[in-house]
file data.cif (mmCIF, C-alpha atoms)
data_upload
#
loop_
_atom_site.group_PDB
_atom_site.id
_atom_site.type_symbol
_atom_site.label_atom_id
_atom_site.label_comp_id
_atom_site.auth_asym_id
_atom_site.auth_seq_id
_atom_site.Cartn_x
_atom_site.Cartn_y
_atom_site.Cartn_z
ATOM 1 C CA MET A 1 117.245 109.606 60.521
ATOM 2 C CA THR A 2 114.760 112.330 59.690
ATOM 3 C CA GLU A 3 111.040 111.935 60.283
ATOM 4 C CA ILE A 4 108.765 113.079 57.470
ATOM 5 C CA ASP A 5 105.080 113.991 57.347
ATOM 6 C CA ILE A 6 104.347 115.476 53.958
ATOM 7 C CA GLN A 7 101.824 115.287 51.143
ATOM 8 C CA GLY A 8 102.265 114.927 47.418
ATOM 9 C CA SER A 9 100.280 114.662 44.211
ATOM 10 C CA CYS A 10 100.445 114.111 40.484
ATOM 11 C CA LEU A 11 100.473 116.870 37.856
ATOM 12 C CA CYS A 12 96.697 116.887 37.358
ATOM 13 C CA GLY A 13 96.018 116.637 41.110
ATOM 14 C CA ALA A 14 93.773 113.590 40.795
ATOM 15 C CA VAL A 15 96.123 111.307 42.747
ATOM 16 C CA ARG A 16 97.127 112.524 46.198
ATOM 17 C CA TYR A 17 99.136 110.864 48.939
ATOM 18 C CA ARG A 18 100.623 111.377 52.389
ATOM 19 C CA LEU A 19 103.972 110.138 53.692
ATOM 20 C CA GLN A 20 104.580 109.600 57.379
ATOM 21 C CA GLY A 21 107.791 107.808 58.189
ATOM 22 C CA GLU A 22 111.532 107.936 58.374
ATOM 23 C CA VAL A 23 113.716 109.106 55.485
ATOM 24 C CA GLN A 24 116.401 106.521 54.781
ATOM 25 C CA ARG A 25 118.049 108.145 51.772
ATOM 26 C CA PHE A 26 117.599 110.700 49.018
ATOM 27 C CA TYR A 27 119.565 110.217 45.789
ATOM 28 C CA HIS A 28 119.650 111.430 42.238
ATOM 29 C CA CYS A 29 119.784 108.205 40.189
ATOM 30 C CA HIS A 30 121.382 108.381 36.739
ATOM 31 C CA CYS A 31 120.711 104.791 35.608
ATOM 32 C CA GLN A 32 119.111 104.250 32.207
ATOM 33 C CA ARG A 33 115.838 102.985 33.685
ATOM 34 C CA CYS A 34 115.401 106.094 35.822
ATOM 35 C CA ARG A 35 116.262 108.327 32.863
ATOM 36 C CA LYS A 36 113.647 106.591 30.726
ATOM 37 C CA THR A 37 111.040 106.688 33.517
ATOM 38 C CA THR A 38 111.466 110.425 34.069
ATOM 39 C CA GLY A 39 112.460 111.535 30.578
ATOM 40 C CA SER A 40 115.299 113.509 32.131
ATOM 41 C CA ALA A 41 118.939 113.165 33.175
ATOM 42 C CA HIS A 42 118.104 111.487 36.479
ATOM 43 C CA ALA A 43 115.388 110.556 38.937
ATOM 44 C CA SER A 44 115.360 112.220 42.357
ATOM 45 C CA ASN A 45 114.016 109.603 44.751
ATOM 46 C CA ILE A 46 113.502 109.540 48.506
ATOM 47 C CA LEU A 47 113.255 106.210 50.320
ATOM 48 C CA VAL A 48 110.886 106.338 53.309
ATOM 49 C CA THR A 49 110.257 103.493 55.757
ATOM 50 C CA PRO A 50 108.273 101.555 56.872
ATOM 51 C CA LEU A 51 106.072 100.117 54.119
ATOM 52 C CA ALA A 52 103.044 101.626 55.864
ATOM 53 C CA SER A 53 104.468 105.169 55.437
ATOM 54 C CA LEU A 54 102.318 105.751 52.364
ATOM 55 C CA THR A 55 98.621 106.597 52.528
ATOM 56 C CA TRP A 56 96.650 107.338 49.368
ATOM 57 C CA LEU A 57 94.362 110.333 49.962
ATOM 58 C CA GLY A 58 92.589 110.233 46.601
ATOM 59 C CA GLY A 59 92.731 108.883 43.083
ATOM 60 C CA GLU A 60 94.182 105.490 43.942
ATOM 61 C CA GLN A 61 92.015 103.945 41.197
ATOM 62 C CA LEU A 62 94.014 106.019 38.660
ATOM 63 C CA LEU A 63 97.328 104.366 39.542
ATOM 64 C CA GLY A 64 99.067 102.531 36.741
ATOM 65 C CA ARG A 65 102.034 100.245 37.058
ATOM 66 C CA TYR A 66 104.652 99.080 34.607
ATOM 67 C CA LYS A 67 107.235 96.452 35.538
ATOM 68 C CA VAL A 68 110.317 96.110 33.397
ATOM 69 C CA PRO A 69 110.106 92.406 32.381
ATOM 70 C CA GLU A 70 113.799 91.587 32.842
ATOM 71 C CA ALA A 71 114.179 93.615 36.042
ATOM 72 C CA GLU A 72 114.200 91.876 39.396
ATOM 73 C CA ARG A 73 112.244 94.614 41.174
ATOM 74 C CA PHE A 74 112.145 97.774 39.054
ATOM 75 C CA TYR A 75 108.711 99.071 38.216
ATOM 76 C CA ASN A 76 107.141 102.434 37.647
ATOM 77 C CA CYS A 77 103.974 103.689 39.311
ATOM 78 C CA PHE A 78 102.183 106.587 37.624
ATOM 79 C CA CYS A 79 98.915 108.483 37.227
ATOM 80 C CA THR A 80 97.025 107.054 34.248
ATOM 81 C CA ARG A 81 95.421 110.454 33.622
ATOM 82 C CA CYS A 82 98.487 112.751 33.456
ATOM 83 C CA GLY A 83 101.432 110.314 33.451
ATOM 84 C CA SER A 84 103.188 111.725 36.525
ATOM 85 C CA PRO A 85 105.415 109.254 38.364
ATOM 86 C CA LEU A 86 104.136 108.422 41.834
ATOM 87 C CA PRO A 87 105.425 106.633 44.946
ATOM 88 C CA ARG A 88 105.880 102.909 44.775
ATOM 89 C CA VAL A 89 106.129 100.353 47.538
ATOM 90 C CA VAL A 90 109.378 98.364 47.462
ATOM 91 C CA PRO A 91 109.001 95.339 49.768
ATOM 92 C CA GLU A 92 112.658 94.338 49.259
ATOM 93 C CA LEU A 93 113.679 97.653 50.851
ATOM 94 C CA GLN A 94 110.835 97.605 53.399
ATOM 95 C CA GLY A 95 109.877 101.065 52.229
ATOM 96 C CA VAL A 96 108.363 103.455 49.736
ATOM 97 C CA LEU A 97 110.338 105.071 46.910
ATOM 98 C CA VAL A 98 109.017 108.585 46.348
ATOM 99 C CA PRO A 99 109.713 110.760 43.299
ATOM 100 C CA ALA A 100 110.765 113.959 45.098
ATOM 101 C CA GLY A 101 109.255 116.183 42.406
ATOM 102 C CA THR A 102 105.757 114.991 43.315
ATOM 103 C CA LEU A 103 105.940 116.373 46.869
ATOM 104 C CA ASP A 104 103.712 119.382 47.493
ATOM 105 C CA ALA A 105 106.283 121.038 49.799
ATOM 106 C CA GLU A 106 110.038 121.029 50.294
ATOM 107 C CA PRO A 107 111.252 117.808 51.931
ATOM 108 C CA PRO A 108 113.134 118.130 55.243
ATOM 109 C CA VAL A 109 116.241 116.541 53.690
ATOM 110 C CA ARG A 110 118.583 117.226 50.789
ATOM 111 C CA PRO A 111 120.013 114.725 48.285
ATOM 112 C CA GLY A 112 122.923 112.708 49.633
ATOM 113 C CA GLY A 113 124.558 111.880 46.335
ATOM 114 C CA ARG A 114 124.332 110.836 42.721
ATOM 115 C CA ILE A 115 124.089 107.090 42.122
ATOM 116 C CA PHE A 116 124.789 105.053 38.994
ATOM 117 C CA TRP A 117 127.015 107.943 37.948
ATOM 118 C CA ASP A 118 129.046 105.729 35.605
ATOM 119 C CA SER A 119 125.954 105.046 33.486
ATOM 120 C CA ARG A 120 124.805 108.687 33.242
ATOM 121 C CA ALA A 121 124.152 110.306 29.894
ATOM 122 C CA ASP A 122 127.046 112.417 28.584
ATOM 123 C CA TRP A 123 124.757 115.440 28.436
ATOM 124 C CA SER A 124 123.687 114.994 32.075
ATOM 125 C CA CYS A 125 124.040 117.722 34.674
ATOM 126 C CA SER A 126 127.054 117.988 36.923
ATOM 127 C CA GLY A 127 128.969 120.666 38.736
ATOM 128 C CA ASP A 128 127.506 120.365 42.223
ATOM 129 C CA ASP A 129 129.362 119.079 45.246
ATOM 130 C CA LEU A 130 127.285 115.944 45.826
ATOM 131 C CA PRO A 131 129.271 112.719 46.139
ATOM 132 C CA VAL A 132 129.027 110.380 43.162
ATOM 133 C CA TYR A 133 128.816 106.585 43.241
ATOM 134 C CA PRO A 134 129.235 104.145 40.344
ATOM 135 C CA GLU A 135 126.242 102.146 41.658
ATOM 136 C CA TYR A 136 124.640 101.972 45.121
ATOM 137 C CA PRO A 137 126.874 103.279 47.931
#

call {"tool": "encode", "arguments": {"input": "data.cif", "output": "structure tokens"}}
result
Amino acid sequence: MTEIDIQGSCLCGAVRYRLQGEVQRFYHCHCQRCRKTTGSAHASNILVTPLASLTWLGGEQLLGRYKVPEAERFYNCFCTRCGSPLPRVVPELQGVLVPAGTLDAEPPVRPGGRIFWDSRADWSCSGDDLPVYPEYP
């Protein structure tokens, strides 16, 4: 696994964080929930462990959270000022799910695949050589 020590922030810069841990996976997720959360064709998320990998450097009081009522564990964490998605702790995975677009620098890893490919939008991107999976690999 790849060690990571990187910072990130929201669009307005009010919420800032640092990640120090081990990258477990990096996927583009095409499920409907991720599309709705991002407003795009997919979410690009990096899973970092352990749970303590995430440190808020500023703006933690601006964090909002929305849990999908019928979902077992899906929720969205975001800046209440600008709406940017932000990292969220996922105890079931013993880690932190990080929206890759909120990182302030290039991550030391590349996406490993496209998940929930069978539920992607017809207009979604394609054409790269990443492996695709109907759900989780």

call {"tool": "resolve_selection", "arguments": {"input": "data.cif", "expression": "the PyMOL selection byres ((chain A and resi 111) around 12)", "output": "list in words"}}
result
Val23, Gln24, Arg25, Phe26, Tyr27, His28, Cys29, Ala43, Ser44, Asn45, Ile46, Leu47, Ala100, Glu106, Pro107, Pro108, Val109, Arg110, Gly112, Gly113, Arg114, Ile115, Asp128, Asp129, Leu130, Pro131 and Val132 of chain A

call {"tool": "write_last_selection", "arguments": {"input": "data.cif", "atoms": "C-alpha atoms", "output": "PDB file, in the coordinates of the input"}}
result
ATOM      1  CA  VAL A  23     113.716 109.106  55.485  1.00  0.00           C
ATOM      2  CA  GLN A  24     116.401 106.521  54.781  1.00  0.00           C
ATOM      3  CA  ARG A  25     118.049 108.145  51.772  1.00  0.00           C
ATOM      4  CA  PHE A  26     117.599 110.700  49.018  1.00  0.00           C
ATOM      5  CA  TYR A  27     119.565 110.217  45.789  1.00  0.00           C
ATOM      6  CA  HIS A  28     119.650 111.430  42.238  1.00  0.00           C
ATOM      7  CA  CYS A  29     119.784 108.205  40.189  1.00  0.00           C
ATOM      8  CA  ALA A  43     115.388 110.556  38.937  1.00  0.00           C
ATOM      9  CA  SER A  44     115.360 112.220  42.357  1.00  0.00           C
ATOM     10  CA  ASN A  45     114.016 109.603  44.751  1.00  0.00           C
ATOM     11  CA  ILE A  46     113.502 109.540  48.506  1.00  0.00           C
ATOM     12  CA  LEU A  47     113.255 106.210  50.320  1.00  0.00           C
ATOM     13  CA  ALA A 100     110.765 113.959  45.098  1.00  0.00           C
ATOM     14  CA  GLU A 106     110.038 121.029  50.294  1.00  0.00           C
ATOM     15  CA  PRO A 107     111.252 117.808  51.931  1.00  0.00           C
ATOM     16  CA  PRO A 108     113.134 118.130  55.243  1.00  0.00           C
ATOM     17  CA  VAL A 109     116.241 116.541  53.690  1.00  0.00           C
ATOM     18  CA  ARG A 110     118.583 117.226  50.789  1.00  0.00           C
ATOM     19  CA  GLY A 112     122.923 112.708  49.633  1.00  0.00           C
ATOM     20  CA  GLY A 113     124.558 111.880  46.335  1.00  0.00           C
ATOM     21  CA  ARG A 114     124.332 110.836  42.721  1.00  0.00           C
ATOM     22  CA  ILE A 115     124.089 107.090  42.122  1.00  0.00           C
ATOM     23  CA  ASP A 128     127.506 120.365  42.223  1.00  0.00           C
ATOM     24  CA  ASP A 129     129.362 119.079  45.246  1.00  0.00           C
ATOM     25  CA  LEU A 130     127.285 115.944  45.826  1.00  0.00           C
ATOM     26  CA  PRO A 131     129.271 112.719  46.139  1.00  0.00           C
ATOM     27  CA  VAL A 132     129.027 110.380  43.162  1.00  0.00           C
TER      28      VAL A 132
END

call {"tool": "closest_residue", "arguments": {"input": "data.cif", "among": "A:Arg88, A:His30, A:Arg81, A:Arg35", "to": "Asp118 (chain A)", "atoms": "only C-alpha atoms"}}
result
A:His30

call {"tool": "resolve_selection", "arguments": {"input": "data.cif", "expression": "the PyMOL selection byres ((chain A and resi 65-70) around 12)", "output": "list in words"}}
result
Arg33, Cys34, Lys36, Thr37, Glu60, Gln61, Leu62, Leu63, Gly64, Ala71, Glu72, Arg73, Phe74, Tyr75, Asn76, Cys77, Phe78, Cys79, Thr80, Gly83, Ser84, Pro85, Leu86, Pro87, Arg88 and Val89 of chain A

call {"tool": "atom_distance", "arguments": {"input": "data.cif", "atom1": "CA of Trp117 (chain A)", "atom2": "CA of Pro99 (chain A)"}}
result
18.3 Å

call {"tool": "residues_around", "arguments": {"input": "data.cif", "residues": "Gly59 (chain A)", "least_positions_apart": "4", "cutoff": "7 Å", "atoms": "all atoms listed in the file", "output": "list in words"}}
result
Ala14, Val15 and Arg16 of chain A

call {"tool": "write_last_selection", "arguments": {"input": "data.cif", "atoms": "C-alpha atoms", "output": "PDB file, keeping the file's coordinate frame"}}
result
ATOM      1  CA  ALA A  14      93.773 113.590  40.795  1.00  0.00           C
ATOM      2  CA  VAL A  15      96.123 111.307  42.747  1.00  0.00           C
ATOM      3  CA  ARG A  16      97.127 112.524  46.198  1.00  0.00           C
TER       4      ARG A  16
END

call {"tool": "atom_distance", "arguments": {"input": "data.cif", "atom1": "CA of Pro50 (chain A)", "atom2": "CA of Met1 (chain A)"}}
result
12.6 Å

call {"tool": "atom_distance", "arguments": {"input": "data.cif", "atom1": "CA of His42 (chain A)", "atom2": "CA of Ser9 (chain A)"}}
result
19.7 Å

call {"tool": "resolve_selection", "arguments": {"input": "data.cif", "expression": "the PyMOL selection byres ((chain A and resi 136) around 9)", "output": "PyMOL selection string"}}
result
chain A and resi 115-116+133-135+137

call {"tool": "residues_near_point", "arguments": {"input": "data.cif", "point": "(102.0, 106.9, 60.6)", "cutoff": "7 Å", "atoms": "only C-alpha atoms", "output": "list of chain:residue names"}}
result
A:Gln20, A:Gly21, A:Ser53

call {"tool": "axis_aligned_box", "arguments": {"input": "data.cif", "around": "region 1-14 of chain A", "padding_each_side": "3 Å", "output": "AutoDock Vina command-line options"}}
result
--center_x 105.5 --center_y 113.2 --center_z 48.9 --size_x 29.5 --size_y 13.3 --size_z 29.2

call {"tool": "closest_residue", "arguments": {"input": "data.cif", "among": "A:Cys125, A:Cys10, A:Cys82, A:Val96", "to": "Leu51 (chain A)", "atoms": "only C-alpha atoms"}}
result
A:Val96
